[in-house]
>>> print(open('protein-v9.txt').read())   # compact mmCIF, C-alpha atoms
# COMPACT_ATOMS: atom_id res chain seq x y z
CA ALA A 1187 222.74 128.63 117.56
CA GLN A 1188 221.04 125.27 117.76
CA SER A 1189 222.47 122.11 116.21
CA VAL A 1190 221.47 118.48 115.86
CA THR A 1191 223.62 115.34 116.04
CA GLN A 1192 222.30 112.01 114.86
CA LEU A 1193 224.66 109.51 116.37
CA ASP A 1194 224.25 106.69 113.85
CA SER A 1195 224.44 107.18 110.11
CA GLN A 1196 223.18 103.65 109.39
CA VAL A 1197 221.14 101.22 111.47
CA PRO A 1198 220.46 97.69 110.15
CA VAL A 1199 217.86 95.60 111.99
CA PHE A 1200 215.82 92.48 111.39
CA GLU A 1201 212.09 92.59 110.83
CA GLU A 1202 210.02 92.59 114.05
CA ALA A 1203 213.02 93.68 116.14
CA PRO A 1204 212.92 96.89 118.19
CA VAL A 1205 214.88 99.92 117.04
CA GLU A 1206 216.14 103.17 118.53
CA LEU A 1207 217.48 106.04 116.43
CA ARG A 1208 219.43 108.51 118.49
CA CYS A 1209 219.30 112.29 118.32
CA ASN A 1210 221.02 114.88 120.47
CA TYR A 1211 220.58 118.61 120.16
CA SER A 1212 222.33 121.67 121.48
CA SER A 1213 220.57 124.91 122.26
CA SER A 1214 220.73 127.49 125.02
CA VAL A 1215 216.97 128.11 124.90
CA SER A 1216 213.77 126.11 124.71
CA VAL A 1217 213.25 124.22 121.48
CA TYR A 1218 210.68 122.37 119.45
CA LEU A 1219 211.85 118.98 118.19
CA PHE A 1220 210.75 116.95 115.18
CA TRP A 1221 211.38 113.62 113.51
CA TYR A 1222 210.87 113.28 109.77
CA VAL A 1223 211.02 110.24 107.50
CA GLN A 1224 212.14 110.19 103.87
CA TYR A 1225 211.34 107.21 101.67
CA PRO A 1226 213.48 106.73 98.55
CA ASN A 1227 213.05 109.46 95.95
CA GLN A 1228 210.43 111.27 98.00
CA GLY A 1229 210.14 114.38 100.13
CA LEU A 1230 210.10 114.41 103.92
CA GLN A 1231 207.09 113.44 105.97
CA LEU A 1232 206.51 114.46 109.58
CA LEU A 1233 206.57 111.49 111.98
CA LEU A 1234 206.11 113.29 115.28
CA LYS A 1235 206.94 116.47 117.17
CA TYR A 1236 207.66 117.58 120.72
CA LEU A 1237 206.39 121.02 121.67
CA SER A 1238 205.88 120.88 125.44
CA GLY A 1239 204.21 118.81 128.14
CA SER A 1240 204.56 115.03 128.22
CA THR A 1241 208.06 113.92 127.36
CA LEU A 1242 206.83 110.81 125.52
CA VAL A 1243 205.47 111.67 122.11
CA LYS A 1244 203.62 109.25 119.87
CA GLY A 1245 203.65 109.59 116.12
CA ILE A 1246 202.49 107.85 112.99
CA ASN A 1247 203.34 104.29 111.94
CA GLY A 1248 203.87 103.14 115.55
CA PHE A 1249 206.87 105.38 116.23
CA GLU A 1250 207.41 107.26 119.48
CA ALA A 1251 210.11 109.53 120.85
CA GLU A 1252 211.17 110.63 124.31
CA PHE A 1253 212.35 114.13 125.11
CA ASN A 1254 215.06 114.24 127.77
CA LYS A 1255 215.97 117.78 128.69
CA SER A 1256 218.87 116.90 130.98
CA GLN A 1257 220.45 114.70 128.31
CA THR A 1258 219.39 117.08 125.49
CA SER A 1259 218.16 114.05 123.59
CA PHE A 1260 215.13 113.14 121.51
CA HIS A 1261 215.53 109.46 120.58
CA LEU A 1262 213.09 107.76 118.22
CA ARG A 1263 211.87 104.24 118.97
CA LYS A 1264 209.67 101.54 117.54
CA PRO A 1265 209.04 98.25 119.38
CA SER A 1266 208.71 96.12 116.24
CA VAL A 1267 209.81 97.26 112.79
CA HIS A 1268 208.53 96.22 109.37
CA ILE A 1269 210.25 96.00 106.01
CA SER A 1270 208.27 99.09 104.99
CA ASP A 1271 210.05 101.15 107.68
CA THR A 1272 213.22 101.08 105.58
CA ALA A 1273 213.90 104.77 104.98
CA GLU A 1274 216.06 107.67 106.11
CA TYR A 1275 215.08 109.42 109.32
CA PHE A 1276 215.90 113.01 110.20
CA CYS A 1277 215.80 114.78 113.53
CA ALA A 1278 215.20 118.56 113.47
CA VAL A 1279 215.11 121.43 115.96
CA ILE A 1280 213.82 124.98 115.99
CA THR A 1281 214.08 127.61 118.71
CA ALA A 1282 210.77 127.94 120.56
CA GLN A 1283 211.14 131.52 121.63
CA GLY A 1284 211.53 133.28 118.32
CA GLY A 1285 214.48 135.42 117.41
CA SER A 1286 215.84 132.63 115.25
CA GLU A 1287 213.38 130.75 113.12
CA LYS A 1288 215.91 128.39 111.57
CA LEU A 1289 214.68 124.82 111.28
CA VAL A 1290 217.91 122.82 111.52
CA PHE A 1291 218.28 119.15 110.60
CA GLY A 1292 220.67 116.40 111.56
CA LYS A 1293 222.54 114.43 108.90
CA GLY A 1294 220.07 111.58 108.94
CA THR A 1295 220.03 107.90 109.90
CA LYS A 1296 219.39 105.26 107.26
CA LEU A 1297 217.29 102.48 108.72
CA THR A 1298 217.41 99.21 106.83
CA VAL A 1299 215.00 96.49 107.90
CA ASN A 1300 216.05 93.03 106.74
CA PRO A 1301 213.79 89.97 106.48
CA ASN C 542 194.65 121.61 98.17
CA ALA C 543 198.03 120.87 96.57
CA GLY C 544 200.25 121.51 99.63
CA VAL C 545 203.79 122.48 98.61
CA THR C 546 204.62 122.39 94.90
CA GLN C 547 208.15 122.69 93.54
CA THR C 548 208.89 123.60 89.94
CA PRO C 549 210.75 122.17 88.03
CA LYS C 550 211.29 118.61 89.26
CA PHE C 551 214.47 118.06 87.25
CA ARG C 552 216.92 120.40 85.56
CA VAL C 553 220.37 120.19 83.99
CA LEU C 554 222.36 123.43 83.79
CA LYS C 555 225.68 124.33 82.31
CA THR C 556 228.24 126.03 84.51
CA GLY C 557 227.58 129.77 84.56
CA GLN C 558 223.91 129.56 83.61
CA SER C 559 221.22 131.00 85.83
CA MET C 560 217.87 129.64 86.89
CA THR C 561 215.05 130.10 89.37
CA LEU C 562 213.37 127.39 91.40
CA LEU C 563 209.78 128.05 92.44
CA CYS C 564 208.12 126.89 95.63
CA ALA C 565 204.38 127.47 95.90
CA GLN C 566 202.14 126.69 98.87
CA ASP C 567 198.38 127.06 99.13
CA MET C 568 198.06 126.67 102.91
CA ASN C 569 198.53 130.34 103.88
CA HIS C 570 201.75 129.45 105.71
CA GLU C 571 203.98 132.20 107.06
CA TYR C 572 207.28 130.31 107.22
CA MET C 573 209.04 129.01 104.12
CA TYR C 574 212.46 127.37 103.80
CA TRP C 575 214.85 126.25 101.09
CA TYR C 576 217.19 123.31 101.76
CA ARG C 577 219.71 121.37 99.76
CA GLN C 578 220.23 117.67 100.36
CA ASP C 579 223.54 116.00 99.59
CA PRO C 580 224.58 112.42 100.43
CA GLY C 581 225.83 112.15 104.01
CA MET C 582 225.15 115.84 104.70
CA GLY C 583 221.48 115.74 105.61
CA LEU C 584 219.45 118.84 104.81
CA ARG C 585 221.27 122.14 104.95
CA LEU C 586 219.32 125.38 105.19
CA ILE C 587 220.01 127.84 102.37
CA HIS C 588 217.57 130.69 103.04
CA TYR C 589 214.28 131.10 104.79
CA SER C 590 211.40 133.54 105.16
CA VAL C 591 209.14 134.30 108.11
CA GLY C 592 206.54 136.18 106.09
CA GLU C 593 205.78 138.01 102.86
CA GLY C 594 208.56 140.42 101.95
CA THR C 595 211.10 138.93 104.40
CA THR C 596 214.12 136.71 103.79
CA ALA C 597 217.06 135.57 105.90
CA LYS C 598 220.25 133.57 105.40
CA GLY C 599 220.59 129.99 106.52
CA GLU C 600 223.67 127.79 106.89
CA VAL C 601 224.82 127.74 103.25
CA PRO C 602 223.54 130.90 101.50
CA ASP C 603 226.50 131.65 99.23
CA GLY C 604 225.70 131.47 95.52
CA TYR C 605 221.94 131.68 96.07
CA ASN C 606 219.38 134.47 96.30
CA VAL C 607 215.73 134.35 97.30
CA SER C 608 212.59 136.44 97.12
CA ARG C 609 209.18 136.28 98.79
CA LEU C 610 207.13 138.91 97.00
CA LYS C 611 203.90 136.97 97.52
CA LYS C 612 203.06 135.01 100.65
CA GLN C 613 202.42 131.82 98.74
CA ASN C 614 205.62 131.81 96.68
CA PHE C 615 209.28 131.49 97.67
CA LEU C 616 211.79 131.70 94.82
CA LEU C 617 215.35 130.40 94.91
CA GLY C 618 217.75 131.81 92.33
CA LEU C 619 221.14 130.68 91.13
CA GLU C 620 222.83 133.57 89.34
CA SER C 621 225.84 131.66 88.01
CA ALA C 622 225.53 127.92 88.54
CA ALA C 623 228.55 125.89 89.65
CA PRO C 624 229.04 122.10 89.76
CA SER C 625 229.12 122.34 93.57
CA GLN C 626 225.45 123.33 93.41
CA THR C 627 224.48 119.94 92.00
CA SER C 628 222.03 118.71 94.60
CA VAL C 629 218.42 117.95 95.44
CA TYR C 630 216.61 121.06 96.60
CA PHE C 631 213.65 120.91 98.96
CA CYS C 632 211.22 123.58 99.93
CA ALA C 633 209.20 123.48 103.16
CA SER C 634 206.49 125.63 104.70
CA GLY C 635 204.84 125.97 108.09
CA LEU C 636 202.06 128.00 109.66
CA ARG C 637 204.02 128.84 112.80
CA LEU C 638 207.11 127.67 114.67
CA ASN C 639 205.50 124.72 116.44
CA TYR C 640 203.24 123.67 113.61
CA GLY C 641 205.38 121.10 111.83
CA TYR C 642 206.49 121.69 108.32
CA THR C 643 205.23 120.41 104.96
CA PHE C 644 207.82 119.53 102.34
CA GLY C 645 207.69 119.61 98.58
CA SER C 646 208.79 116.62 96.52
CA GLY C 647 212.11 118.17 95.57
CA THR C 648 214.01 119.49 92.54
CA ARG C 649 216.96 117.48 91.29
CA LEU C 650 219.49 119.91 89.82
CA THR C 651 222.64 118.87 87.95
CA VAL C 652 225.24 121.44 86.95
CA VAL C 653 227.71 120.24 84.31
>>> encode(input="protein-v9.txt", output="structure tokens")
Amino acid sequence: AQSVTQLDSQVPVFEEAPVELRCNYSSSVSVYLFWYVQYPNQGLQLLLKYLSGSTLVKGINGFEAEFNKSQTSFHLRKPSVHISDTAEYFCAVITAQGGSEKLVFGKGTKLTVNP
Amino acid sequence: NAGVTQTPKFRVLKTGQSMTLLCAQDMNHEYMYWYRQDPGMGLRLIHYSVGEGTTAKGEVPDGYNVSRLKKQNFLLGLESAAPSQTSVYFCASGLRLNYGYTFGSGTRLTVV
């Protein structure tokens, strides 16, 4: 069964600094990978997804993520963060080949952007 | 086009009471999921469905039942609510595995 580990529960950064939120997954088969963002008291919004092809995926709000199969990682990055990026970010995985359609999430990383 | 709608948005139950949470989507999606979100635990999958008339257990199914009698609706039932079921419940739907999933705005449930 697949699982997701988000290595940092909280990440504080200053405005305009770069940020990386780390995500590792475990699965014995091919997977699809997703990053979601949750603003306070709201539902989750899709930031980006990796399905196949290019390992660098660009998403909304200037975020990007890199799929690394050998490291089983899918880290999220942004070169310059804004106060409005303060939110909780979730990495998620689903098996690509069917047989198990469970969409599994990590425990989340709270990003706090300080002025 | 409303997307994913969860009903109700808030509810307070007494221990032992029952209730049903409704998730409705108008996007003709096949896949639907129910999650609970607790502080520090992320989102944990309760049950899911890969099409009308199908349901399957997720990571934390105990104490919950589900039904998908119509493609657009996915119901989550609590037969005898317990304080441990106090949580925020989210529903999500997707057209296919690689589509990306749309989330509802959540139901905040408190069991006293």
>>> interface_residues(input="protein-v9.txt", of="chain C", to="chain A", cutoff="6 Å", atoms="only C-alpha atoms", output="JSON, numbers by chain")
{"C": [582, 583, 584, 644, 645, 646]}
>>> atom_distance(input="protein-v9.txt", atom1="CA of His1261 in chain A", atom2="CA of Val1205 in chain A")
10.2 Å
>>> residues_around(input="protein-v9.txt", residues="range 619-627 of chain C", least_positions_apart="6", cutoff="8 Å", atoms="all atoms listed in the file", output="list in words")
Leu554, Lys555, Thr556, Gly557, Gln558, Ser559, Met560, Thr561, Gly604, Tyr605, Asn606, Arg649, Leu650, Thr651, Val652 and Val653 of chain C
>>> residues_around(input="protein-v9.txt", residues="Gly544 in chain C", least_positions_apart="4", cutoff="8 Å", atoms="all atoms listed in the file", output="ChimeraX atom specification")
/C:566-568,643,645
>>> closest_residue(input="protein-v9.txt", among="C:His570, C:Pro549, C:Ser628, C:Gly581", to="Gln1192 in chain A", atoms="all atoms listed in the file")
C:Gly581
>>> atom_distance(input="protein-v9.txt", atom1="CA of Ser1259 in chain A", atom2="CA of Ser590 in chain C")
27.7 Å
>>> decode(input="protein-v9.txt", residues="range 598-636 of chain C", atoms="N, CA and C atoms", output="CSV table (one decimal), in the first residue's frame")
chain,number,residue,atom,x,y,z
C,598,LYS,N,-13.5,0.4,1.8
C,598,LYS,CA,-13.0,0.9,3.0
C,598,LYS,C,-11.7,1.6,2.8
C,599,GLY,N,-11.5,2.7,3.6
C,599,GLY,CA,-10.2,3.4,3.6
C,599,GLY,C,-9.4,3.0,4.8
C,600,GLU,N,-8.7,4.0,5.3
C,600,GLU,CA,-7.7,3.8,6.4
C,600,GLU,C,-8.4,3.7,7.8
C,601,VAL,N,-9.5,4.5,8.0
C,601,VAL,CA,-10.2,4.5,9.2
C,601,VAL,C,-11.7,4.4,9.1
C,602,PRO,N,-12.2,3.2,8.7
C,602,PRO,CA,-13.6,3.0,8.4
C,602,PRO,C,-14.5,2.7,9.6
C,603,ASP,N,-13.9,2.3,10.7
C,603,ASP,CA,-14.7,1.8,11.8
C,603,ASP,C,-15.6,2.9,12.4
C,604,GLY,N,-16.9,2.6,12.5
C,604,GLY,CA,-17.9,3.6,13.1
C,604,GLY,C,-18.6,4.3,12.0
C,605,TYR,N,-18.2,4.1,10.7
C,605,TYR,CA,-18.9,4.8,9.6
C,605,TYR,C,-19.4,3.8,8.6
C,606,ASN,N,-20.5,4.3,7.9
C,606,ASN,CA,-21.0,3.5,6.8
C,606,ASN,C,-21.2,4.5,5.6
C,607,VAL,N,-21.2,4.0,4.4
C,607,VAL,CA,-21.4,4.9,3.3
C,607,VAL,C,-22.3,4.2,2.3
C,608,SER,N,-22.9,5.0,1.4
C,608,SER,CA,-23.7,4.5,0.3
C,608,SER,C,-23.6,5.4,-0.9
C,609,ARG,N,-23.6,4.8,-2.1
C,609,ARG,CA,-23.5,5.6,-3.4
C,609,ARG,C,-24.6,5.0,-4.3
C,610,LEU,N,-25.8,5.3,-4.0
C,610,LEU,CA,-26.9,4.8,-4.8
C,610,LEU,C,-27.1,5.6,-6.1
C,611,LYS,N,-26.7,6.9,-6.1
C,611,LYS,CA,-26.7,7.7,-7.3
C,611,LYS,C,-25.3,8.2,-7.5
C,612,LYS,N,-24.9,8.3,-8.8
C,612,LYS,CA,-23.6,8.7,-9.1
C,612,LYS,C,-23.2,10.0,-8.5
C,613,GLN,N,-24.1,10.9,-8.4
C,613,GLN,CA,-23.7,12.3,-7.9
C,613,GLN,C,-23.7,12.4,-6.4
C,614,ASN,N,-24.2,11.4,-5.7
C,614,ASN,CA,-24.2,11.6,-4.2
C,614,ASN,C,-23.5,10.5,-3.5
C,615,PHE,N,-22.8,10.9,-2.5
C,615,PHE,CA,-22.0,9.9,-1.6
C,615,PHE,C,-22.3,10.3,-0.2
C,616,LEU,N,-23.0,9.3,0.5
C,616,LEU,CA,-23.5,9.6,1.9
C,616,LEU,C,-22.6,8.9,2.9
C,617,LEU,N,-22.3,9.7,3.9
C,617,LEU,CA,-21.5,9.1,5.1
C,617,LEU,C,-22.4,9.1,6.3
C,618,GLY,N,-22.5,7.9,6.9
C,618,GLY,CA,-23.4,7.7,8.0
C,618,GLY,C,-22.6,7.4,9.3
C,619,LEU,N,-23.1,8.0,10.4
C,619,LEU,CA,-22.6,7.6,11.7
C,619,LEU,C,-23.8,7.0,12.5
C,620,GLU,N,-23.7,5.7,12.8
C,620,GLU,CA,-24.8,5.1,13.4
C,620,GLU,C,-25.0,5.4,14.9
C,621,SER,N,-23.9,5.5,15.6
C,621,SER,CA,-23.9,5.8,17.0
C,621,SER,C,-22.6,6.7,17.3
C,622,ALA,N,-22.8,8.0,17.2
C,622,ALA,CA,-21.7,8.9,17.3
C,622,ALA,C,-21.0,8.8,18.6
C,623,ALA,N,-19.6,8.9,18.5
C,623,ALA,CA,-18.8,8.9,19.7
C,623,ALA,C,-17.9,10.2,19.7
C,624,PRO,N,-17.5,10.7,20.9
C,624,PRO,CA,-16.6,11.9,20.9
C,624,PRO,C,-15.4,11.8,20.0
C,625,SER,N,-14.9,10.6,19.8
C,625,SER,CA,-13.7,10.4,19.0
C,625,SER,C,-14.0,10.7,17.5
C,626,GLN,N,-15.2,10.9,17.2
C,626,GLN,CA,-15.6,11.2,15.8
C,626,GLN,C,-15.8,12.7,15.6
C,627,THR,N,-15.5,13.5,16.6
C,627,THR,CA,-15.4,14.9,16.5
C,627,THR,C,-14.3,15.2,15.5
C,628,SER,N,-14.6,15.9,14.4
C,628,SER,CA,-13.6,16.2,13.4
C,628,SER,C,-14.2,17.1,12.3
C,629,VAL,N,-13.4,17.4,11.4
C,629,VAL,CA,-13.8,18.1,10.2
C,629,VAL,C,-13.8,17.1,9.0
C,630,TYR,N,-15.0,16.9,8.4
C,630,TYR,CA,-15.1,15.9,7.3
C,630,TYR,C,-15.1,16.5,6.0
C,631,PHE,N,-14.3,16.0,5.1
C,631,PHE,CA,-14.2,16.5,3.7
C,631,PHE,C,-14.6,15.4,2.7
C,632,CYS,N,-15.3,15.8,1.7
C,632,CYS,CA,-15.6,15.0,0.6
C,632,CYS,C,-14.8,15.5,-0.6
C,633,ALA,N,-14.4,14.5,-1.5
C,633,ALA,CA,-13.7,14.9,-2.7
C,633,ALA,C,-14.2,14.0,-3.8
C,634,SER,N,-14.1,14.5,-5.0
C,634,SER,CA,-14.5,13.7,-6.2
C,634,SER,C,-13.5,14.0,-7.4
C,635,GLY,N,-13.5,13.0,-8.2
C,635,GLY,CA,-12.6,13.1,-9.4
C,635,GLY,C,-13.1,12.3,-10.6
C,636,LEU,N,-12.8,12.7,-11.8
C,636,LEU,CA,-13.3,12.0,-13.0
C,636,LEU,C,-12.6,10.7,-13.2
